[in-house]
Amino acid sequence: MRDAAALELHAADAAAAARPAMVAASDHYARLLQLCQTAANPGAGRAIHARAVKAGLLASAYLCNNLLSYYGETAGGAGGLRDARSLFDEIPLARRNVFTWNSLLSMFAKSGRLADARGVFAEMPERDAVSWTVMVVGLNRAGRFGEAIKTLLDMTADGFTPTQFTLTNVLSSCAVTQAGAVGRKVHSFVVKLGLGSCVPVANSVLNMYGKCGDAETASTVFERMPVRSVSSWNAMVSLNTHLGRMDLAESLFESMPDRSIVSWNAMIAGYNQNGLDAKALKLFSRMLHESSMAPDEFTITSVLSACANLGNVRIGKQVHAYILRTEMAYNSQVTNALISTYAKSGSVENARRIMDQSMETDLNVISFTALLEGYVKIGDMESAREMFGVMNNRDVVAWTAMIVGYEQNGRNDEAIDLFRSMITCGPEPNSYTLAAVLSVCASLACLDYGKQIHCRAIRSLLEQSSSVSNAIITMYARSGSFPWARRMFDQVCWRKETITWTSMIVALAQHGQGEEAVGLFEEMLRAGVEPDRITYVGVLSACSHAGFVNEGKRYYDQIKNEHQIAPEMSHYACMVDLLARAGLFSEAQEFIRRMPVEPDAIAWGSLLSACRVHKNAELAELAAEKLLSIDPNNSGAYSAIANVYSACGRWSDAARIWKARKEKAVRKETGFSWTHIRSKIHVFGADDVVHPQRDAVYAMAARMWEEIKGAGFVPDLQSVLHDVDDELKEELLSRHSEKLAIAFGLISTPEKTTLRVMKNLRVCNDCHAAIKAISKVTDREIIVRDATRFHHFRDGLCSCKDYW
C-alpha cells in the first residue's frame, strides 16, 4: 500500500513538474500561430496545429483560441472552415469562453457565411461588444445594410456600447442606403462616446452626410474636426463634385495640405460628370506635371470619358499611348472607355479594332452602344445594324440609339419597323425612345401612328416627360393637326419649359398663325420664361411669314439687348427673309452688308426666293451668284433664278440657266408628294407613272382640273419653266405631284374628310391657287406641308393669306 501511495505521489509530482513545460509549449505554439497570421502562411499554421495535436497541447484554451483565430484570418475556403468547426466542436464546453465563440463567429462572418454566423450568434451562452460588432461588420460587408443598421439598434437595446468599428460600419451602411435619420442617431452615439476626434469615425460621419446629400451638416462636421486626414478632405471634395458645386470643390482641392490619387480622381471625375470636360483634361495634365502619382484606371477612365464627350481623338490617342507605354493593365473599365472615346470621336475603325482585340469578356453594353452610335454618326447604318445584331444584352439605350440613327439618316420606315420589334421582343421603351419615334412620325406626317404612340405614352406615364410632351406637340403640328398640338400644349401648362413654348411658337408660325405666335411669345415673356436662340428663330419666322416687319425688327433688337443672346446665322437669315418678303430689298441688302459674318446659303436663298415673288431679276442674279459661290451644286439656286426669268417672260435667260445647270452636271432635286392613308404611305412624283392606281388617279386629277376651271380657276402658266404651248403647260400643271396626291386622297377617303399632303419642295403658285379652288368645290379641308410651312386650305382660302 505504501508503494502504491508512493507511486501516486510521484506521478502527481511529475505532472506538476510537467505542467509549466506544457504551458510554455502551448504559449510558444500560440505565438507561432500569430506569426503565421501576419505572414499569411496557411501551410505553416496547419503544421503547427498537427504538432500541437501530437504533443497533446489542445487542452490549452489559449492555444485553441489562437488556432480558431488563425483559421478565421488566414485559412479561408471550405476546408479551413471545416477544420475550424471541427476544432471548435472538440473543445470542451467548460473551456469555451467568449473569445472562443467570437473567433468562430468572426470566421463565418468574414467568409460571408451569414447563416452559419447567425447560428453561432444565437447559440452563444454570452455575448460581448465584440460579438455584436462582428455581426455588424459581416452584414455591412455582405451588402446587407438594413440588417447591419438593425443589429446596431439591437446591440444598444441589449445594453452594449458600440465600438468605433461598429460605428464606422453602420455609418457606411447608412451612407449606402441614404438612411440619414438613422445616421444622425449614430452620430449622436459618436458624440456621446467622445469619438468625434477619432479620425476614422469622423470620416465615416462625414461620408454618411455627404452620401445622404446633407451638405450643410457635412460642412459643419468637417469644420469641427480637430484633425483631418486626406480622406476627410477627399470626402468633402467628392460631396461638392457630386452636388455640382465645382467652385467649392476647387477651393477645397487647392486648400488640401496633402493629396492622394483619390483627390485627383475626385476632381477629374467631377469635372467630367458636370460637363466641364476641358477642365478635366487640363487638371489631368497638371497632375502629370505637378504630382508624382501615377494615374490609375479610375483616372484614365474619367479622362477618356472627357475626350469622348469633346470628340477629342488627339488627346484620346495620347492617353491610349500612355496606357501602352506604362503597361497599365487593361481591365474592362479602361477598355470600355477607349472604345467609347474612339467611337464618339468618329474613329470607329480604331474602336472596332480594340473591341476585336480585347481579351475582356465583360465589355459592357455602353461600349457596343458607343460603337453603334459611331457608325450612325458617319452614316454607316449597315455596320451599326451589324453591331446591334451581335449585342447580347441590348438595353433600352441601344435600341433607342439604333432607332435615332435610322431617323437621323432619313430611314424612317426602318426606324418604325425597329420600334415595332422593340415592342414585341425588346425592353420597355423609355422617354427618349418615344420622343425619337414621335419625331419619325412627325417627319412622315403619320398622324394615326403618332396617336398610337401618344396613347402608349399616356399608359406608361411617360407623357409627363418634357422630351415626350414636346415631341407630341411637334408630331401633331407637323402632321397638320394643329388643334391637337395646341391641346397638348395647354395640358402641360403647369410645367412649361422654354422648349415647350418654343415648340408651340414654331408650330403656330408654320401653320400661318403669325399673330397667335407673336401673342404666345409675349405671353411667354410675361410668364417669366427665358427664350433661347431657337425661340427667337421661331418668332422671327412667324413675323416673316405674317408680314410683321416692325415686330420682327423689334424682336431682333431684343435678342442681344434684352436677353444677351448672340445672334446667329439663323437669326440673320430670318431678318433677310422678313425684309425681302416685304419687298424691302434695299433694307435687306443693307442688313446683309452690316452682318458681322458672311451670309450663308440660307440667307442668300431667302433673298433669291423673295426676288421670285417680286420679280426682281437684277437682285435675283446677285443672290444666285452668291449662293452658287457658296454651294456650286445647289440645284435650288438654278431653279429659283430660272423661275424669276420665267416669271418675267425672259425665256431665253431661263433656258440659259437650265443649260448651265446641265453642263455643270448639277442634279435637279426631284419634287415629290406623299399622303398617309390607312396606315400606308403613298408617294407621287410629277406626272407619276408608277402608282398601282395610276389610271384612277389620273382620271380624278383630270376631272378635278376641269371642275375648278369651270368654277373660275385660271391656271398660272408662268409656273411652267419651259417655253412650250399653253395646252402642254396646262397638262404639265395638272399633273404636279401634290395635285396627284390630292386626287388619290379624293378617291380613297370618305367625303368631307380632311386630306393631308406633304411635299419636299416649296408649293408652286399654280398649285397653291388650284388647291384653294379644290377645297371649295370638294368641300374639303386640305392641309399641305411644303418645305417651309403648312397651308390649311378651306372654302377657297389658305391660312397663309397668300403670303408665303
# chains A, B, ... in the order shown; residues from 1 in each chain; ligands from 1
call {"tool": "residues_around", "arguments": {"residues": "Ala582 in chain A", "least_positions_apart": "3", "cutoff": "8 Å", "atoms": "only C-alpha atoms", "output": "list in words"}}
result
Gly547, Val549, Leu578 and Leu579 of chain A
call {"tool": "write_last_selection", "arguments": {"atoms": "N, CA, C and O atoms", "output": "compact mmCIF listing (two decimals), in the first residue's frame"}}
result
# COMPACT_ATOMS: atom_id res chain seq x y z
N GLY A 547 -45.74 88.88 -92.37
CA GLY A 547 -45.51 90.24 -92.85
C GLY A 547 -45.42 91.26 -91.74
O GLY A 547 -45.63 92.46 -91.98
N VAL A 549 -43.30 93.29 -90.19
CA VAL A 549 -41.94 93.81 -90.33
C VAL A 549 -41.48 94.54 -89.07
O VAL A 549 -40.39 94.30 -88.55
N LEU A 578 -37.50 88.28 -93.79
CA LEU A 578 -38.55 89.21 -93.37
C LEU A 578 -38.57 90.46 -94.26
O LEU A 578 -39.63 90.86 -94.77
N LEU A 579 -37.40 91.05 -94.47
CA LEU A 579 -37.32 92.29 -95.25
C LEU A 579 -37.58 92.04 -96.73
O LEU A 579 -38.29 92.80 -97.38
call {"tool": "residues_around", "arguments": {"residues": "range 128-138 of chain A", "least_positions_apart": "2", "cutoff": "9 Å", "atoms": "only C-alpha atoms", "output": "ChimeraX atom specification"}}
result
/A:98-99,101-102,105-106,108-114,117-118,121,126,140-145,147-152,154-155,160-163,165-167,169-170
call {"tool": "residues_around", "arguments": {"residues": "Cys611 in chain A", "least_positions_apart": "4", "cutoff": "6 Å", "atoms": "only C-alpha atoms", "output": "list in words"}}
result
Lys615, Asn616 and Ala620 of chain A
call {"tool": "residues_around", "arguments": {"residues": "Trp674 in chain A", "least_positions_apart": "4", "cutoff": "9 Å", "atoms": "only C-alpha atoms", "output": "list in words"}}
result
Leu444, Ile681, His682, Val683, Phe684, Gly685, Ser737, Glu738, Ala741, Arg756, Val757, Met758, Lys759 and Asn760 of chain A
call {"tool": "write_last_selection", "arguments": {"atoms": "N, CA, C and O atoms", "output": "PDB file, in the first residue's frame"}}
result
ATOM      1  N   LEU A 444     -42.731  61.913 -91.248  1.00  0.00           N
ATOM      2  CA  LEU A 444     -43.573  61.248 -92.247  1.00  0.00           C
ATOM      3  C   LEU A 444     -45.013  61.754 -92.227  1.00  0.00           C
ATOM      4  O   LEU A 444     -45.798  61.388 -93.102  1.00  0.00           O
ATOM      5  N   ILE A 681     -48.142  54.760 -96.664  1.00  0.00           N
ATOM      6  CA  ILE A 681     -47.683  55.989 -97.287  1.00  0.00           C
ATOM      7  C   ILE A 681     -47.710  55.817 -98.802  1.00  0.00           C
ATOM      8  O   ILE A 681     -47.167  54.845 -99.338  1.00  0.00           O
ATOM      9  N   HIS A 682     -48.328  56.758 -99.486  1.00  0.00           N
ATOM     10  CA  HIS A 682     -48.415  56.743-100.950  1.00  0.00           C
ATOM     11  C   HIS A 682     -47.636  57.942-101.484  1.00  0.00           C
ATOM     12  O   HIS A 682     -47.934  59.090-101.133  1.00  0.00           O
ATOM     13  N   VAL A 683     -46.635  57.672-102.319  1.00  0.00           N
ATOM     14  CA  VAL A 683     -45.732  58.706-102.827  1.00  0.00           C
ATOM     15  C   VAL A 683     -46.022  58.951-104.303  1.00  0.00           C
ATOM     16  O   VAL A 683     -46.224  58.006-105.084  1.00  0.00           O
ATOM     17  N   PHE A 684     -46.002  60.239-104.701  1.00  0.00           N
ATOM     18  CA  PHE A 684     -46.267  60.621-106.086  1.00  0.00           C
ATOM     19  C   PHE A 684     -45.203  61.600-106.559  1.00  0.00           C
ATOM     20  O   PHE A 684     -44.822  62.523-105.821  1.00  0.00           O
ATOM     21  N   GLY A 685     -44.740  61.386-107.798  1.00  0.00           N
ATOM     22  CA  GLY A 685     -43.870  62.348-108.450  1.00  0.00           C
ATOM     23  C   GLY A 685     -44.672  63.103-109.492  1.00  0.00           C
ATOM     24  O   GLY A 685     -45.812  62.744-109.805  1.00  0.00           O
ATOM     25  N   SER A 737     -47.091  66.884-108.514  1.00  0.00           N
ATOM     26  CA  SER A 737     -47.190  65.780-107.556  1.00  0.00           C
ATOM     27  C   SER A 737     -48.242  66.009-106.477  1.00  0.00           C
ATOM     28  O   SER A 737     -48.956  65.076-106.088  1.00  0.00           O
ATOM     29  N   GLU A 738     -48.385  67.253-105.968  1.00  0.00           N
ATOM     30  CA  GLU A 738     -49.371  67.480-104.914  1.00  0.00           C
ATOM     31  C   GLU A 738     -50.794  67.328-105.431  1.00  0.00           C
ATOM     32  O   GLU A 738     -51.681  66.881-104.695  1.00  0.00           O
ATOM     33  N   ALA A 741     -51.457  63.613-105.530  1.00  0.00           N
ATOM     34  CA  ALA A 741     -51.680  63.098-104.173  1.00  0.00           C
ATOM     35  C   ALA A 741     -53.083  63.445-103.687  1.00  0.00           C
ATOM     36  O   ALA A 741     -53.766  62.633-103.053  1.00  0.00           O
ATOM     37  N   ARG A 756     -54.454  65.246 -95.985  1.00  0.00           N
ATOM     38  CA  ARG A 756     -53.142  65.752 -95.577  1.00  0.00           C
ATOM     39  C   ARG A 756     -52.106  65.309 -96.607  1.00  0.00           C
ATOM     40  O   ARG A 756     -51.949  64.116 -96.856  1.00  0.00           O
ATOM     41  N   VAL A 757     -51.405  66.278 -97.155  1.00  0.00           N
ATOM     42  CA  VAL A 757     -50.400  66.007 -98.193  1.00  0.00           C
ATOM     43  C   VAL A 757     -49.101  66.690 -97.801  1.00  0.00           C
ATOM     44  O   VAL A 757     -49.113  67.838 -97.344  1.00  0.00           O
ATOM     45  N   MET A 758     -47.985  65.982 -97.971  1.00  0.00           N
ATOM     46  CA  MET A 758     -46.670  66.524 -97.695  1.00  0.00           C
ATOM     47  C   MET A 758     -45.883  66.646 -98.995  1.00  0.00           C
ATOM     48  O   MET A 758     -46.007  65.790 -99.881  1.00  0.00           O
ATOM     49  N   LYS A 759     -45.061  67.695 -99.110  1.00  0.00           N
ATOM     50  CA  LYS A 759     -44.263  67.915-100.311  1.00  0.00           C
ATOM     51  C   LYS A 759     -42.845  68.289 -99.890  1.00  0.00           C
ATOM     52  O   LYS A 759     -42.658  69.056 -98.932  1.00  0.00           O
ATOM     53  N   ASN A 760     -41.853  67.759-100.605  1.00  0.00           N
ATOM     54  CA  ASN A 760     -40.468  68.015-100.211  1.00  0.00           C
ATOM     55  C   ASN A 760     -39.949  69.368-100.673  1.00  0.00           C
ATOM     56  O   ASN A 760     -38.941  69.855-100.183  1.00  0.00           O
TER      57      ASN A 760
END
call {"tool": "closest_residue", "arguments": {"among": "A:Leu540, A:Leu239, A:Cys798, A:Ile458", "to": "Ala573 in chain A", "atoms": "only C-alpha atoms"}}
result
A:Leu540
call {"tool": "residues_around", "arguments": {"residues": "Met328 in chain A", "least_positions_apart": "2", "cutoff": "12 Å", "atoms": "only C-alpha atoms", "output": "list in words"}}
result
Ala294, Pro295, Asp296, Glu297, Phe298, Thr299, Ile300, Val319, His320, Ala321, Tyr322, Ile323, Leu324, Arg325, Thr326, Tyr330, Asn331, Val334 and Thr335 of chain A
